[in-house]
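J.: This structure is in structure tokens; I'll ask about it shortly.
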Amino acid sequence: MRYAILIEQATSNYSAYVPDLPGCVATGVTLQEIEEEIKEAIAFHLEGLREEGLPIPEPTSLCQYVEA
């Protein structure tokens, strides 16, 4: 599955979250680190859902940029 992620830049790091997986978040100092961390967070989150016997949410979020 491919999940959309949102990455935000803070003062000294980046944070990311997955709109389709509430509570699935990560932080990192670099963009490369945040990408690795959010991949691990998604895997961990899905593993937890499976262990609890809960359904795995289908990816439904869409990402697009618009000119302003």
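Identifiers in the structure tokens: chain A, B, ... in order shown; residue index from 1 per chain; ligand index from 1 in order shown.
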Would you mind listing what lies within 7 Å of stretch 47-64 of chain A as a PDB file with all heavy atoms, in the first residue's frame, with only C-alpha atoms counted and same-chain residues fewer than 3 positions away left out?

T.:
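Produced file around-v7.pdb, reproduced below:
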```pdb
ATOM      1  N   ARG A   2       0.386   2.274  -0.622  1.00  0.00           N
ATOM      2  CA  ARG A   2       1.063   3.566  -0.632  1.00  0.00           C
ATOM      3  C   ARG A   2       0.210   4.576   0.119  1.00  0.00           C
ATOM      4  O   ARG A   2      -0.934   4.815  -0.251  1.00  0.00           O
ATOM      5  CB  ARG A   2       1.227   4.074  -2.061  1.00  0.00           C
ATOM      6  CG  ARG A   2       2.457   3.594  -2.746  1.00  0.00           C
ATOM      7  CD  ARG A   2       2.483   4.102  -4.152  1.00  0.00           C
ATOM      8  NE  ARG A   2       2.744   5.548  -4.154  1.00  0.00           N
ATOM      9  CZ  ARG A   2       3.300   6.172  -5.153  1.00  0.00           C
ATOM     10  NH1 ARG A   2       3.621   5.519  -6.249  1.00  0.00           N
ATOM     11  NH2 ARG A   2       3.533   7.455  -5.094  1.00  0.00           N
ATOM     12  N   TYR A   3       0.768   5.132   1.183  1.00  0.00           N
ATOM     13  CA  TYR A   3       0.060   6.132   1.967  1.00  0.00           C
ATOM     14  C   TYR A   3       0.645   7.513   1.703  1.00  0.00           C
ATOM     15  O   TYR A   3       1.867   7.666   1.600  1.00  0.00           O
ATOM     16  CB  TYR A   3       0.175   5.825   3.466  1.00  0.00           C
ATOM     17  CG  TYR A   3      -0.656   4.654   3.907  1.00  0.00           C
ATOM     18  CD1 TYR A   3      -0.089   3.404   4.064  1.00  0.00           C
ATOM     19  CD2 TYR A   3      -2.005   4.808   4.162  1.00  0.00           C
ATOM     20  CE1 TYR A   3      -0.852   2.317   4.469  1.00  0.00           C
ATOM     21  CE2 TYR A   3      -2.782   3.727   4.564  1.00  0.00           C
ATOM     22  CZ  TYR A   3      -2.195   2.493   4.717  1.00  0.00           C
ATOM     23  OH  TYR A   3      -2.955   1.425   5.116  1.00  0.00           O
ATOM     24  N   ALA A   4      -0.222   8.503   1.609  1.00  0.00           N
ATOM     25  CA  ALA A   4       0.219   9.885   1.500  1.00  0.00           C
ATOM     26  C   ALA A   4       0.757  10.322   2.865  1.00  0.00           C
ATOM     27  O   ALA A   4       0.225   9.928   3.908  1.00  0.00           O
ATOM     28  CB  ALA A   4      -0.944  10.785   1.091  1.00  0.00           C
ATOM     29  N   PRO A  19      -2.239  11.100   7.019  1.00  0.00           N
ATOM     30  CA  PRO A  19      -3.659  11.409   7.231  1.00  0.00           C
ATOM     31  C   PRO A  19      -4.559  10.174   7.328  1.00  0.00           C
ATOM     32  O   PRO A  19      -5.540  10.189   8.066  1.00  0.00           O
ATOM     33  CB  PRO A  19      -4.032  12.248   6.000  1.00  0.00           C
ATOM     34  CG  PRO A  19      -2.742  12.835   5.539  1.00  0.00           C
ATOM     35  CD  PRO A  19      -1.692  11.800   5.860  1.00  0.00           C
ATOM     36  N   ASP A  20      -4.224   9.105   6.618  1.00  0.00           N
ATOM     37  CA  ASP A  20      -5.051   7.906   6.636  1.00  0.00           C
ATOM     38  C   ASP A  20      -4.798   6.993   7.827  1.00  0.00           C
ATOM     39  O   ASP A  20      -5.513   6.011   8.011  1.00  0.00           O
ATOM     40  CB  ASP A  20      -4.855   7.113   5.344  1.00  0.00           C
ATOM     41  CG  ASP A  20      -5.376   7.857   4.129  1.00  0.00           C
ATOM     42  OD1 ASP A  20      -6.431   8.508   4.234  1.00  0.00           O
ATOM     43  OD2 ASP A  20      -4.722   7.789   3.073  1.00  0.00           O
ATOM     44  N   ALA A  43       5.087   1.153   9.259  1.00  0.00           N
ATOM     45  CA  ALA A  43       5.219  -0.291   9.471  1.00  0.00           C
ATOM     46  C   ALA A  43       4.824  -0.665  10.898  1.00  0.00           C
ATOM     47  O   ALA A  43       4.092  -1.644  11.121  1.00  0.00           O
ATOM     48  CB  ALA A  43       6.644  -0.742   9.170  1.00  0.00           C
ATOM     49  N   PHE A  44       5.293   0.096  11.872  1.00  0.00           N
ATOM     50  CA  PHE A  44       4.978  -0.155  13.278  1.00  0.00           C
ATOM     51  C   PHE A  44       3.480  -0.004  13.537  1.00  0.00           C
ATOM     52  O   PHE A  44       2.856  -0.820  14.234  1.00  0.00           O
ATOM     53  CB  PHE A  44       5.788   0.797  14.160  1.00  0.00           C
ATOM     54  CG  PHE A  44       5.597   0.590  15.622  1.00  0.00           C
ATOM     55  CD1 PHE A  44       6.173  -0.494  16.270  1.00  0.00           C
ATOM     56  CD2 PHE A  44       4.846   1.487  16.369  1.00  0.00           C
ATOM     57  CE1 PHE A  44       5.995  -0.686  17.630  1.00  0.00           C
ATOM     58  CE2 PHE A  44       4.669   1.299  17.729  1.00  0.00           C
ATOM     59  CZ  PHE A  44       5.240   0.217  18.367  1.00  0.00           C
TER      60      PHE A  44
END
```

J.: Please identify which residues in chain A DSSP calls alpha helix (DSSP H) from the backbone, and express them as a ChimeraX atom specification.

T.: /A:31-51

J.: If you count only C-alpha atoms, which residues fall within 12 Å of A:Val25, apart from same-chain ones fewer than 2 positions away, as a list of chain:residue names?

T.: A:Ile5, A:Leu6, A:Ile7, A:Glu8, A:Tyr14, A:Ser15, A:Ala16, A:Tyr17, A:Val18, A:Pro19, A:Asp20, A:Leu21, A:Pro22, A:Gly23, A:Thr27, A:Gly28, A:Ile34, A:Glu35, A:Glu36, A:Glu37, A:Ile38, A:Lys39, A:Glu40, A:Ala41, A:Ile42, A:Ala43, A:Phe44, A:His45

J.: From a DSSP calculation on the backbone, collect every residue of chain A in strand (DSSP E) and output the set as a PyMOL selection string.

T.: chain A and resi 6-9+14-17+25-28

J.: Write the residues of the selection above to a file with N, CA and C atoms, as a PDB file, in the first residue's frame.

T.:
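Result file follows (selection-v3.pdb):
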```pdb
ATOM      1  N   LEU A   6       2.353  13.881   5.016  1.00  0.00           N
ATOM      2  CA  LEU A   6       2.514  15.320   5.018  1.00  0.00           C
ATOM      3  C   LEU A   6       3.744  15.639   5.855  1.00  0.00           C
ATOM      4  N   ILE A   7       4.674  16.378   5.271  1.00  0.00           N
ATOM      5  CA  ILE A   7       5.903  16.762   5.966  1.00  0.00           C
ATOM      6  C   ILE A   7       5.849  18.260   6.215  1.00  0.00           C
ATOM      7  N   GLU A   8       6.117  18.648   7.445  1.00  0.00           N
ATOM      8  CA  GLU A   8       6.145  20.062   7.825  1.00  0.00           C
ATOM      9  C   GLU A   8       7.512  20.403   8.395  1.00  0.00           C
ATOM     10  N   GLN A   9       8.009  21.567   8.028  1.00  0.00           N
ATOM     11  CA  GLN A   9       9.292  22.017   8.561  1.00  0.00           C
ATOM     12  C   GLN A   9       9.044  22.844   9.809  1.00  0.00           C
ATOM     13  N   TYR A  14      12.019  18.400  11.081  1.00  0.00           N
ATOM     14  CA  TYR A  14      10.834  18.145  10.273  1.00  0.00           C
ATOM     15  C   TYR A  14       9.928  17.202  11.041  1.00  0.00           C
ATOM     16  N   SER A  15       8.634  17.315  10.769  1.00  0.00           N
ATOM     17  CA  SER A  15       7.690  16.343  11.316  1.00  0.00           C
ATOM     18  C   SER A  15       6.835  15.846  10.157  1.00  0.00           C
ATOM     19  N   ALA A  16       6.341  14.632  10.286  1.00  0.00           N
ATOM     20  CA  ALA A  16       5.504  14.051   9.243  1.00  0.00           C
ATOM     21  C   ALA A  16       4.372  13.275   9.891  1.00  0.00           C
ATOM     22  N   TYR A  17       3.255  13.228   9.177  1.00  0.00           N
ATOM     23  CA  TYR A  17       2.145  12.400   9.628  1.00  0.00           C
ATOM     24  C   TYR A  17       1.430  11.812   8.429  1.00  0.00           C
ATOM     25  N   VAL A  25       2.913   9.276  13.357  1.00  0.00           N
ATOM     26  CA  VAL A  25       3.735  10.478  13.196  1.00  0.00           C
ATOM     27  C   VAL A  25       5.214  10.139  13.344  1.00  0.00           C
ATOM     28  N   ALA A  26       6.056  11.051  12.882  1.00  0.00           N
ATOM     29  CA  ALA A  26       7.503  10.892  13.037  1.00  0.00           C
ATOM     30  C   ALA A  26       8.157  12.260  12.970  1.00  0.00           C
ATOM     31  N   THR A  27       9.384  12.330  13.482  1.00  0.00           N
ATOM     32  CA  THR A  27      10.181  13.551  13.380  1.00  0.00           C
ATOM     33  C   THR A  27      11.580  13.181  12.916  1.00  0.00           C
ATOM     34  N   GLY A  28      12.262  14.162  12.339  1.00  0.00           N
ATOM     35  CA  GLY A  28      13.634  13.948  11.897  1.00  0.00           C
ATOM     36  C   GLY A  28      14.314  15.270  11.630  1.00  0.00           C
TER      37      GLY A  28
END
```
